[in-house]
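One file, coords-v3.tsv, carrying TSV, C-alpha atoms:
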```
chain	number	residue	atom	x	y	z
Z	96	MET	CA	-21.42	21.84	-4.84
Z	97	PRO	CA	-22.36	24.82	-7.05
Z	98	PRO	CA	-24.52	24.15	-10.09
Z	99	ALA	CA	-22.84	23.99	-13.49
Z	100	ASP	CA	-24.20	25.00	-16.88
Z	101	GLY	CA	-27.80	26.04	-16.42
Z	102	GLY	CA	-28.39	24.68	-12.94
Z	103	ALA	CA	-27.31	21.07	-13.52
Z	104	THR	CA	-24.98	19.66	-10.90
Z	105	VAL	CA	-21.62	18.35	-12.08
Z	106	ASP	CA	-22.59	14.71	-11.57
Z	107	MET	CA	-25.84	15.20	-13.51
Z	108	MET	CA	-24.03	16.95	-16.35
Z	109	ILE	CA	-21.35	14.27	-16.57
Z	110	GLY	CA	-24.00	11.54	-16.41
Z	111	GLU	CA	-25.96	13.12	-19.24
Z	112	GLN	CA	-22.85	13.53	-21.38
Z	113	ALA	CA	-21.85	9.91	-20.65
Z	114	ARG	CA	-25.28	8.67	-21.77
Z	115	LEU	CA	-25.16	10.85	-24.88
Z	116	LEU	CA	-21.69	9.62	-25.84
Z	117	SER	CA	-22.59	6.01	-25.09
Z	118	SER	CA	-25.72	6.13	-27.27
Z	119	GLN	CA	-23.81	7.71	-30.16
Z	120	LEU	CA	-21.01	5.14	-29.94
Z	121	GLN	CA	-23.59	2.38	-29.88
Z	122	ALA	CA	-25.28	3.83	-32.98
Z	123	MET	CA	-21.93	4.05	-34.79
Z	124	SER	CA	-21.11	0.49	-33.81
Z	125	GLU	CA	-24.45	-0.81	-35.03
Z	126	ALA	CA	-23.93	1.01	-38.33
Z	127	LEU	CA	-20.59	-0.76	-38.78
Z	128	PHE	CA	-21.64	-4.09	-37.29
Z	129	PRO	CA	-25.44	-4.54	-37.17
Z	130	PRO	CA	-26.74	-6.37	-34.07
Z	131	THR	CA	-27.86	-9.30	-36.22
Z	132	SER	CA	-24.33	-9.82	-37.54
Z	133	GLN	CA	-21.14	-10.98	-35.88
Z	134	LYS	CA	-17.63	-9.77	-36.50
Z	135	THR	CA	-15.78	-12.13	-38.82
Z	136	LEU	CA	-12.17	-12.55	-39.83
Z	137	ARG	CA	-11.20	-12.12	-43.47
Z	138	ARG	CA	-9.96	-15.07	-45.51
Z	139	PHE	CA	-6.30	-15.43	-46.44
Z	140	THR	CA	-4.85	-15.86	-49.91
Z	141	SER	CA	-2.86	-19.01	-50.64
Z	142	GLY	CA	0.36	-16.99	-50.43
Z	143	GLU	CA	-0.56	-15.61	-47.01
Z	144	ALA	CA	-1.68	-19.03	-45.79
Z	145	ALA	CA	1.55	-20.67	-46.96
Z	146	ARG	CA	3.66	-18.03	-45.22
Z	147	LEU	CA	1.73	-18.49	-41.97
Z	148	MET	CA	2.33	-22.25	-42.12
Z	149	GLY	CA	5.98	-21.98	-43.12
Z	150	ILE	CA	5.58	-23.88	-46.40
Z	151	SER	CA	5.76	-22.87	-50.04
Z	152	ASP	CA	2.71	-21.86	-52.05
Z	153	SER	CA	3.43	-24.73	-54.46
Z	154	THR	CA	3.32	-27.25	-51.59
Z	155	LEU	CA	-0.03	-25.89	-50.50
Z	156	ARG	CA	-1.30	-26.05	-54.08
Z	157	LYS	CA	-0.22	-29.70	-54.39
Z	158	MET	CA	-2.04	-30.57	-51.17
Z	159	THR	CA	-5.20	-28.90	-52.48
Z	160	LEU	CA	-5.02	-30.73	-55.83
Z	161	ALA	CA	-4.46	-34.02	-54.01
Z	162	GLY	CA	-7.54	-33.40	-51.87
Z	163	GLU	CA	-5.48	-33.26	-48.67
Z	164	GLY	CA	-7.10	-31.12	-46.00
Z	165	PRO	CA	-9.92	-28.59	-46.30
Z	166	GLN	CA	-10.56	-27.14	-49.72
Z	167	PRO	CA	-10.29	-23.38	-50.17
Z	168	ASP	CA	-12.89	-21.13	-51.73
Z	169	LEU	CA	-12.14	-20.05	-55.27
Z	170	THR	CA	-12.74	-16.50	-56.47
Z	171	HIS	CA	-13.87	-15.63	-60.00
Z	172	SER	CA	-10.24	-14.91	-60.85
Z	173	GLY	CA	-9.15	-18.33	-59.59
Z	174	ARG	CA	-7.52	-17.17	-56.35
Z	175	ARG	CA	-7.65	-19.64	-53.47
Z	176	LEU	CA	-8.85	-18.26	-50.13
Z	177	TYR	CA	-8.48	-20.00	-46.76
Z	178	THR	CA	-10.07	-19.30	-43.39
Z	179	LEU	CA	-7.84	-19.36	-40.30
Z	180	SER	CA	-9.69	-22.47	-39.14
Z	181	GLN	CA	-8.75	-24.22	-42.41
Z	182	ILE	CA	-5.14	-23.10	-42.01
Z	183	ASN	CA	-5.06	-24.66	-38.55
Z	184	GLU	CA	-6.53	-27.91	-39.93
Z	185	ILE	CA	-3.77	-28.03	-42.53
Z	186	ARG	CA	-1.20	-27.32	-39.82
Z	187	ALA	CA	-2.41	-30.41	-37.95
Z	188	LEU	CA	-2.02	-32.51	-41.10
Z	189	LEU	CA	1.49	-31.18	-41.67
Z	190	ALA	CA	2.46	-31.87	-38.07
Z	191	ALA	CA	1.18	-35.45	-38.33
Z	192	SER	CA	3.47	-36.07	-41.31
Z	193	ALA	CA	6.30	-33.70	-40.42
Z	194	ARG	CA	8.69	-35.28	-42.93
Z	195	GLY	CA	11.91	-34.52	-41.11
Z	196	ARG	CA	10.73	-31.27	-39.54
Z	197	ASP	CA	9.79	-30.71	-35.91
Z	198	ALA	CA	6.01	-31.05	-35.66
Z	199	ARG	CA	6.00	-27.98	-33.39
Z	200	GLU	CA	6.98	-25.88	-36.39
Z	201	PHE	CA	3.44	-26.42	-37.62
Z	202	VAL	CA	1.50	-26.80	-34.35
Z	203	PRO	CA	3.50	-24.96	-31.68
Z	204	HIS	CA	1.34	-25.96	-28.70
Z	205	ARG	CA	3.22	-26.28	-25.43
Z	206	SER	CA	4.01	-29.71	-24.06
Z	207	GLY	CA	3.39	-30.93	-20.52
Z	208	GLY	CA	6.78	-29.69	-19.34
Z	209	GLU	CA	6.28	-26.17	-20.72
Z	210	HIS	CA	4.44	-23.81	-18.39
Z	211	LEU	CA	1.61	-21.53	-19.41
Z	212	GLN	CA	2.96	-18.18	-20.55
Z	213	VAL	CA	1.04	-15.27	-19.03
Z	214	ILE	CA	2.12	-11.93	-20.50
Z	215	ALA	CA	0.96	-8.77	-18.73
Z	216	VAL	CA	0.95	-5.71	-20.99
Z	217	THR	CA	1.05	-2.68	-18.76
Z	218	ASN	CA	1.86	0.98	-18.19
Z	219	PHE	CA	0.81	3.65	-15.73
Z	220	LYS	CA	0.02	6.17	-18.48
Z	221	GLY	CA	-2.83	5.94	-20.96
Z	222	GLY	CA	-2.14	6.44	-24.65
Z	223	SER	CA	1.02	4.34	-24.73
Z	224	GLY	CA	-0.49	1.77	-27.09
Z	225	LYS	CA	-1.12	-0.84	-24.40
Z	226	THR	CA	-4.44	-2.17	-25.71
Z	227	THR	CA	-3.34	-2.02	-29.36
Z	228	THR	CA	-0.22	-3.97	-28.39
Z	229	SER	CA	-2.27	-6.56	-26.47
Z	230	ALA	CA	-4.73	-7.11	-29.32
Z	231	HIS	CA	-2.08	-7.41	-32.04
Z	232	LEU	CA	0.10	-9.71	-29.91
Z	233	ALA	CA	-2.82	-12.04	-29.11
Z	234	GLN	CA	-3.88	-12.16	-32.76
Z	235	TYR	CA	-0.33	-12.65	-34.03
Z	236	LEU	CA	0.18	-15.64	-31.73
Z	237	ALA	CA	-3.16	-17.13	-32.81
Z	238	LEU	CA	-2.12	-16.71	-36.45
Z	239	GLN	CA	1.07	-18.65	-35.69
Z	240	GLY	CA	-0.99	-21.57	-34.37
Z	241	TYR	CA	-0.83	-21.01	-30.60
Z	242	ARG	CA	-3.87	-21.39	-28.36
Z	243	VAL	CA	-4.35	-17.92	-26.91
Z	244	LEU	CA	-6.53	-16.41	-24.20
Z	245	ALA	CA	-6.90	-12.62	-24.12
Z	246	VAL	CA	-7.91	-11.24	-20.71
Z	247	ASP	CA	-9.36	-7.73	-20.58
Z	248	LEU	CA	-8.47	-6.48	-17.12
Z	249	ASP	CA	-9.22	-2.84	-17.93
Z	250	PRO	CA	-12.70	-1.63	-16.86
Z	251	GLN	CA	-12.72	0.59	-19.97
Z	252	ALA	CA	-12.73	-2.69	-21.96
Z	253	SER	CA	-11.14	-1.39	-25.17
Z	254	LEU	CA	-9.60	-4.80	-25.85
Z	255	SER	CA	-13.04	-6.42	-25.68
Z	256	ALA	CA	-14.41	-3.88	-28.16
Z	257	LEU	CA	-11.51	-4.51	-30.54
Z	258	LEU	CA	-12.24	-8.23	-30.40
Z	259	GLY	CA	-15.91	-7.75	-31.25
Z	260	VAL	CA	-17.49	-7.71	-27.77
Z	261	LEU	CA	-19.16	-4.43	-26.79
Z	262	PRO	CA	-18.76	-3.98	-23.02
Z	263	GLU	CA	-22.02	-2.07	-22.56
Z	264	THR	CA	-24.35	-4.35	-24.49
Z	265	ASP	CA	-22.67	-7.74	-24.92
Z	266	VAL	CA	-21.30	-8.24	-21.41
Z	267	GLY	CA	-23.83	-8.75	-18.63
Z	268	ALA	CA	-23.49	-8.98	-14.88
Z	269	ASN	CA	-20.94	-11.54	-13.65
Z	270	GLN	CA	-19.58	-12.15	-17.16
Z	271	THR	CA	-16.12	-10.60	-16.75
Z	272	LEU	CA	-13.01	-11.82	-14.96
Z	273	TYR	CA	-14.55	-10.40	-11.78
Z	274	ALA	CA	-16.90	-13.41	-11.75
Z	275	ALA	CA	-13.89	-15.70	-11.17
Z	276	ILE	CA	-12.05	-13.54	-8.61
Z	277	ARG	CA	-14.88	-12.15	-6.48
Z	278	TYR	CA	-15.08	-12.99	-2.77
Z	279	ASP	CA	-18.75	-14.02	-2.38
Z	280	GLU	CA	-20.96	-16.97	-3.21
Z	281	GLU	CA	-21.54	-15.70	-6.78
Z	282	GLN	CA	-17.97	-16.59	-7.76
Z	283	LYS	CA	-17.75	-19.05	-10.63
Z	284	ALA	CA	-15.06	-20.89	-12.60
Z	285	LEU	CA	-13.23	-18.92	-15.27
Z	286	ARG	CA	-14.19	-21.46	-17.95
Z	287	GLU	CA	-17.79	-20.25	-17.54
Z	288	VAL	CA	-16.71	-16.71	-18.49
Z	289	VAL	CA	-14.37	-17.44	-21.42
Z	290	ARG	CA	-15.82	-16.68	-24.87
Z	291	LYS	CA	-14.82	-17.88	-28.30
Z	292	THR	CA	-13.98	-15.11	-30.75
Z	293	TYR	CA	-14.22	-14.89	-34.53
Z	294	PHE	CA	-10.44	-15.47	-34.55
Z	295	ASP	CA	-9.79	-19.23	-34.54
Z	296	GLY	CA	-7.48	-20.14	-31.66
Z	297	LEU	CA	-8.14	-16.89	-29.75
Z	298	ASP	CA	-10.57	-16.79	-26.81
Z	299	LEU	CA	-11.52	-13.79	-24.68
Z	300	VAL	CA	-12.37	-12.99	-21.09
Z	301	PRO	CA	-14.21	-9.70	-21.65
Z	302	GLY	CA	-14.20	-6.67	-19.40
Z	303	ASN	CA	-16.50	-3.82	-18.44
Z	304	LEU	CA	-17.03	-1.46	-15.50
Z	305	GLU	CA	-17.93	-4.43	-13.27
Z	306	LEU	CA	-14.18	-5.05	-12.85
Z	307	MET	CA	-14.01	-1.96	-10.62
Z	308	GLU	CA	-15.90	-3.96	-7.98
Z	309	PHE	CA	-12.66	-5.82	-7.24
Z	310	GLU	CA	-11.05	-2.52	-6.19
Z	311	HIS	CA	-13.93	-1.95	-3.75
Z	312	THR	CA	-14.41	-5.45	-2.34
Z	313	THR	CA	-10.74	-6.29	-1.83
Z	314	PRO	CA	-10.18	-3.79	1.04
Z	315	ARG	CA	-13.23	-5.24	2.82
Z	316	ALA	CA	-11.87	-8.75	2.33
Z	317	LEU	CA	-8.51	-7.67	3.73
Z	318	VAL	CA	-10.20	-6.18	6.80
Z	319	ARG	CA	-12.16	-9.40	7.39
Z	320	GLY	CA	-8.91	-11.36	7.31
Z	321	GLY	CA	-7.78	-14.29	5.17
Z	322	GLN	CA	-9.63	-17.58	5.17
Z	323	GLY	CA	-6.93	-19.64	3.54
Z	324	GLU	CA	-4.50	-18.86	0.74
Z	325	SER	CA	-7.21	-18.64	-1.93
Z	326	SER	CA	-8.64	-15.50	-0.31
Z	327	VAL	CA	-5.43	-13.47	-0.79
Z	328	PHE	CA	-6.18	-10.88	-3.47
Z	329	TYR	CA	-2.87	-11.14	-5.34
Z	330	LEU	CA	-3.34	-14.87	-5.97
Z	331	ARG	CA	-6.87	-14.71	-7.29
Z	332	ILE	CA	-6.16	-14.17	-11.00
Z	333	ALA	CA	-3.47	-16.87	-11.00
Z	334	GLU	CA	-5.90	-19.28	-9.36
Z	335	ALA	CA	-8.62	-18.37	-11.87
Z	336	LEU	CA	-6.26	-18.99	-14.80
Z	337	ALA	CA	-5.32	-22.39	-13.37
Z	338	ASP	CA	-8.89	-23.48	-14.14
Z	339	VAL	CA	-8.29	-23.14	-17.90
Z	340	ALA	CA	-4.49	-23.51	-18.13
Z	341	ASP	CA	-4.66	-26.83	-19.95
Z	342	ARG	CA	-6.55	-25.22	-22.84
Z	343	TYR	CA	-3.98	-22.54	-23.73
Z	344	ASP	CA	-0.35	-21.90	-24.53
Z	345	VAL	CA	-0.30	-18.14	-23.92
Z	346	VAL	CA	-2.45	-15.70	-21.96
Z	347	VAL	CA	-2.23	-12.00	-22.83
Z	348	ILE	CA	-3.50	-9.67	-20.08
Z	349	ASP	CA	-4.35	-6.07	-20.94
Z	350	CYS	CA	-3.84	-4.34	-17.58
Z	351	PRO	CA	-5.55	-1.11	-16.46
Z	352	PRO	CA	-3.44	2.08	-16.62
Z	353	GLN	CA	-3.20	2.32	-12.84
Z	354	LEU	CA	-1.70	0.34	-9.99
Z	355	GLY	CA	-4.72	-1.02	-8.18
Z	356	TYR	CA	-5.59	-4.45	-6.84
Z	357	LEU	CA	-6.55	-5.64	-10.32
Z	358	THR	CA	-3.20	-4.73	-11.84
Z	359	LEU	CA	-1.26	-6.16	-8.90
Z	360	SER	CA	-3.14	-9.44	-9.08
Z	361	GLY	CA	-2.52	-9.54	-12.84
Z	362	LEU	CA	1.21	-8.89	-12.37
Z	363	CYS	CA	1.40	-11.64	-9.76
Z	364	ALA	CA	-0.26	-14.08	-12.16
Z	365	ALA	CA	2.11	-13.17	-14.99
Z	366	THR	CA	5.20	-15.05	-16.10
Z	367	ALA	CA	6.35	-12.09	-18.21
Z	368	MET	CA	5.74	-8.37	-18.49
Z	369	THR	CA	5.74	-6.04	-21.48
Z	370	ILE	CA	5.80	-2.35	-20.59
Z	371	THR	CA	4.75	-0.03	-23.38
Z	372	ILE	CA	6.42	3.35	-23.54
Z	373	HIS	CA	5.84	6.31	-25.84
Z	374	PRO	CA	9.29	7.93	-26.35
Z	375	GLN	CA	8.58	11.36	-24.84
Z	376	MET	CA	10.18	12.83	-21.73
Z	377	LEU	CA	6.83	13.27	-19.95
Z	378	ASP	CA	6.02	9.63	-20.59
Z	379	LEU	CA	9.44	8.60	-19.29
Z	380	ALA	CA	8.82	10.58	-16.09
Z	381	SER	CA	5.44	8.88	-15.71
Z	382	MET	CA	7.01	5.46	-16.29
Z	383	SER	CA	9.64	6.21	-13.66
Z	384	GLN	CA	6.89	6.74	-11.10
Z	385	PHE	CA	5.10	3.61	-12.32
Z	386	LEU	CA	8.25	1.50	-11.85
Z	387	LEU	CA	8.93	2.92	-8.38
Z	388	MET	CA	5.37	2.23	-7.26
Z	389	THR	CA	5.40	-1.24	-8.83
Z	390	HIS	CA	8.64	-2.03	-7.00
Z	391	ASP	CA	7.23	-0.94	-3.66
Z	392	LEU	CA	3.96	-2.82	-4.05
Z	393	LEU	CA	5.46	-6.02	-5.45
Z	394	SER	CA	8.04	-5.99	-2.64
Z	395	VAL	CA	5.19	-6.00	-0.13
Z	396	VAL	CA	3.54	-8.88	-2.00
Z	397	ARG	CA	6.81	-10.83	-2.05
Z	398	GLU	CA	7.36	-10.28	1.66
Z	399	ALA	CA	3.81	-11.50	2.28
Z	400	GLY	CA	4.67	-14.78	0.55
Z	401	GLY	CA	3.75	-14.04	-3.05
Z	402	ARG	CA	5.97	-15.69	-5.68
Z	403	LEU	CA	7.19	-13.43	-8.46
Z	404	GLN	CA	8.97	-15.43	-11.16
Z	405	TYR	CA	9.20	-13.71	-14.53
Z	406	ASP	CA	10.73	-15.29	-17.60
Z	407	PHE	CA	11.30	-11.84	-19.09
Z	408	ILE	CA	10.50	-8.16	-18.67
Z	409	ARG	CA	10.72	-6.02	-21.77
Z	410	TYR	CA	10.08	-2.38	-22.65
Z	411	LEU	CA	8.34	-1.83	-25.97
Z	412	VAL	CA	8.75	1.54	-27.67
Z	413	THR	CA	5.40	2.43	-29.24
Z	414	ARG	CA	4.17	5.12	-31.66
Z	415	TYR	CA	7.78	5.65	-32.69
Z	416	GLU	CA	8.69	8.16	-35.39
Z	417	ALA	CA	12.25	7.54	-36.56
Z	418	GLN	CA	12.47	10.98	-38.20
Z	419	ASP	CA	11.65	12.71	-34.90
Z	420	GLY	CA	14.99	13.79	-33.40
Z	421	PRO	CA	13.84	14.07	-29.75
Z	422	GLN	CA	12.22	10.62	-29.95
Z	423	THR	CA	15.39	8.99	-31.27
Z	424	LYS	CA	17.31	10.55	-28.37
Z	425	VAL	CA	14.79	9.20	-25.85
Z	426	VAL	CA	15.03	5.71	-27.39
Z	427	ALA	CA	18.84	5.85	-27.29
Z	428	PHE	CA	18.60	6.95	-23.66
Z	429	LEU	CA	16.35	3.98	-22.86
Z	430	ARG	CA	18.66	1.51	-24.60
Z	431	ASN	CA	21.68	2.88	-22.74
Z	432	LEU	CA	19.83	2.52	-19.44
Z	433	PHE	CA	18.12	-0.83	-19.88
Z	434	GLY	CA	20.10	-2.54	-22.65
Z	435	ASP	CA	18.55	-5.79	-23.82
Z	436	HIS	CA	15.47	-5.19	-21.68
Z	437	VAL	CA	14.28	-2.85	-24.45
Z	438	LEU	CA	12.86	-4.79	-27.39
Z	439	THR	CA	15.03	-4.42	-30.49
Z	440	ASN	CA	11.99	-3.70	-32.65
Z	441	PRO	CA	9.93	-0.56	-31.93
Z	442	MET	CA	6.31	-0.23	-32.97
Z	443	VAL	CA	6.18	2.66	-35.41
Z	444	LYS	CA	3.47	5.29	-35.42
Z	445	SER	CA	1.26	4.49	-38.41
Z	446	THR	CA	-1.94	5.80	-39.92
Z	447	ALA	CA	-2.62	2.21	-41.01
Z	448	ILE	CA	-3.27	1.15	-37.40
Z	449	SER	CA	-5.37	4.21	-36.58
Z	450	ASP	CA	-7.35	3.82	-39.82
Z	451	ALA	CA	-8.06	0.18	-38.99
Z	452	GLY	CA	-9.12	1.23	-35.49
Z	453	LEU	CA	-11.85	3.45	-36.91
Z	454	THR	CA	-13.78	0.30	-37.75
Z	455	LYS	CA	-12.67	-1.54	-34.58
Z	456	GLN	CA	-10.24	-3.70	-36.49
Z	457	THR	CA	-6.58	-4.53	-36.17
Z	458	LEU	CA	-4.01	-4.56	-38.93
Z	459	TYR	CA	-4.09	-8.36	-39.00
Z	460	GLU	CA	-7.80	-8.21	-39.80
Z	461	ILE	CA	-8.11	-5.43	-42.32
Z	462	GLY	CA	-6.05	-6.78	-45.22
Z	463	ARG	CA	-3.51	-5.13	-47.50
Z	464	GLU	CA	-5.97	-4.31	-50.26
Z	465	ASN	CA	-7.96	-1.92	-48.04
Z	466	MET	CA	-5.33	0.81	-47.64
Z	467	THR	CA	-2.20	2.33	-49.13
Z	468	ARG	CA	0.10	-0.64	-49.63
Z	469	SER	CA	3.37	1.03	-48.66
Z	470	THR	CA	1.81	2.31	-45.42
Z	471	TYR	CA	0.33	-1.10	-44.66
Z	472	ASP	CA	3.57	-2.95	-45.41
Z	473	ARG	CA	5.63	-0.62	-43.22
Z	474	ALA	CA	3.26	-1.02	-40.28
Z	475	MET	CA	2.98	-4.78	-40.75
Z	476	GLU	CA	6.75	-5.17	-40.87
Z	477	ALA	CA	7.03	-3.34	-37.55
Z	478	LEU	CA	4.18	-5.35	-35.99
Z	479	ASP	CA	5.58	-8.69	-37.05
Z	480	GLY	CA	9.02	-7.61	-35.85
Z	481	VAL	CA	7.73	-6.76	-32.37
Z	482	ASN	CA	5.48	-9.78	-32.00
Z	483	GLY	CA	8.02	-12.16	-33.52
Z	484	GLU	CA	10.56	-10.96	-30.97
Z	485	ILE	CA	8.13	-11.64	-28.12
Z	486	GLU	CA	7.36	-15.07	-29.60
Z	487	GLY	CA	11.10	-15.78	-29.55
Z	488	LEU	CA	11.21	-14.90	-25.84
Z	489	ILE	CA	8.28	-17.26	-25.19
Z	490	LYS	CA	10.06	-20.10	-26.99
Z	491	ALA	CA	13.27	-19.38	-25.08
Z	492	ALA	CA	11.34	-19.56	-21.80
Z	493	TRP	CA	10.13	-23.01	-22.86
Z	494	GLY	CA	13.66	-24.05	-23.75
Z	495	ARG	CA	12.97	-24.19	-27.47
Z	496	GLY	CA	15.26	-22.94	-30.17
Z	497	ALA	CA	14.38	-19.63	-31.84
```

Structure rendered as structure tokens:
Amino acid sequence: MPPADGGATVDMMIGEQARLLSSQLQAMSEALFPPTSQKTLRRFTSGEAARLMGISDSTLRKMTLAGEGPQPDLTHSGRRLYTLSQINEIRALLAASARGRDAREFVPHRSGGEHLQVIAVTNFKGGSGKTTTSAHLAQYLALQGYRVLAVDLDPQASLSALLGVLPETDVGANQTLYAAIRYDEEQKALREVVRKTYFDGLDLVPGNLELMEFEHTTPRALVRGGQGESSVFYLRIAEALADVADRYDVVVIDCPPQLGYLTLSGLCAATAMTITIHPQMLDLASMSQFLLMTHDLLSVVREAGGRLQYDFIRYLVTRYEAQDGPQTKVVAFLRNLFGDHVLTNPMVKSTAISDAGLTKQTLYEIGRENMTRSTYDRAMEALDGVNGEIEGLIKAAWGRGA
């Protein structure tokens, strides 16, 4: 291989640039979130808390005055502020004395007859908003009172970083999902890998480059031959999730942007799939290839005895600009082709989400007072529309009313 740039080989040059970028990103991260501190979730005003719980602000105020439930912090101006943990405590109180309402309106945990919902968020092409969608969906469901597990299946681990876990410094060896799906004696139960997050009700299985080991060890395991059903690669994530299924209502899997063994195992563990799509013709062409390849590979899995039972498959239009004529044509084209399989609500392109991402935050974390209100409100309306629609599909799969 010929030398590049002053005699350095390509691998040396790339390695040096990777180290340089990594150190700078680490420095930026430490400036935003010093190593001695942990990421925390903002507190919610009484109005926000009441809306999350589905009650009026006056009802919440009466409960506070009567000393029922945790007491909020008071600001100098007299505003009441609640943590998400306090909101969930109040939800439990409301469910215990539902007063004519279904207790699940306050605490929507699944019952014994309702199966764990495992939603795989996927696409073949990067930049379609897959990780942003996964993070906001997981946080939205936690805000509604569900017990949620986010699984970062992408070796790039952007979801982990968004949820406050830096893949390079906070995740050591055998601390990703790979620990629970590996083929050797170092395999351990998934519950040993799960981490609590700063978001009450939302846990995380972090990712990092270690996940790539599954792509390398699986072919060797296939050559050696199966030693019982548990050794089949496409069942391994489902079997790992079974270890913690009783703790959660919904699992959100952020899949890698390629169809490898990791993605296939994730899709076989899923009960639903959300495919993100940026409404451009090149992205549509890429998605076409993704669907064809997924069909071929899942057909092989099914013929080998794998069970593929999805409650729903939906396409989510992301980074949508309604004023962009070509994009509106692509969306119309998608709706004509796939009908109800395309979510009614698109996720609009918004500077609010990108601005929040600069500090590794989501829109649910950053708060309305930290940016232009009209921009924030527009983005939040779209987010809640998308995630509320997916929540409705989850409820329908459980046989609940909308």

If you take every atom of stretch 375-394 of chain Z that the file lists and fit an axis-aligned box around them with 3 Å extra on each side, what centre and edge lengths come out in Å to one decimal, as AutoDock Vina command-line options?
```
--center_x 7.1 --center_y 3.6 --center_z -13.7 --size_x 12.2 --size_y 25.3 --size_z 28.2
```

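Coordinates place atom CA of Z:Met148 at a distance of 7.5 Å from atom CA of Z:Ile182.
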
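Separating atom CA of Z:Ile150 from atom CA of Z:Pro167 is a distance of 16.3 Å.
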
How many Å separate atom CA of Z:Thr227 from atom CA of Z:Ala268? 25.8 Å

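With all atoms listed in the file as the basis for measurement, Z:Thr264 is the residue among Z:Gln234, Z:Asp479, Z:Thr264, Z:Leu188 that approaches Z:Ser118 most closely.
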
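Candidate residues Z:Thr369, Z:Gln166, Z:Thr226, Z:Thr154 were compared for distance to Z:Ile214, and the nearest is Z:Thr369, using all atoms listed in the file.
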
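With all atoms listed in the file as the atoms that count, the minimum distance from Z:Thr312 to the choices Z:Asp419, Z:Glu398, Z:Asp450, Z:Asp279 is reached by Z:Asp279.
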
Which residues are near Z:Asn465? Cut-off 12 Å, all atoms listed in the file, ignore same chain within fewer than 3 positions. Put them as a ChimeraX atom specification. /Z:137,447,450-451,456,458-462,468-472

What's the 12 Å shell around Z:Gln418, counting only C-alpha atoms, without same-chain residues fewer than 4 positions away, as number ranges by chain? Z: 422-424, 443-444

With C-alpha atoms kept, could you save the residues just selected as a PDB file, in the frame of the given file?
```pdb
ATOM      1  CA  GLN Z 422      12.220  10.620 -29.950  1.00  0.00           C
ATOM      2  CA  THR Z 423      15.390   8.990 -31.270  1.00  0.00           C
ATOM      3  CA  LYS Z 424      17.310  10.550 -28.370  1.00  0.00           C
ATOM      4  CA  VAL Z 443       6.180   2.660 -35.410  1.00  0.00           C
ATOM      5  CA  LYS Z 444       3.470   5.290 -35.420  1.00  0.00           C
TER       6      LYS Z 444
END
```

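Among the candidates Z:Glu111, Z:Asp406, Z:Gly164, Z:Leu306, the residue lying nearest to Z:Gly487 is Z:Asp406 (atoms considered: all atoms listed in the file).
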
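Each of Z:Thr159, Z:Ser180, Z:Thr140, Z:Gln212 was compared to Z:Asp344 using all atoms listed in the file, and Z:Gln212 turns out to be the nearest.
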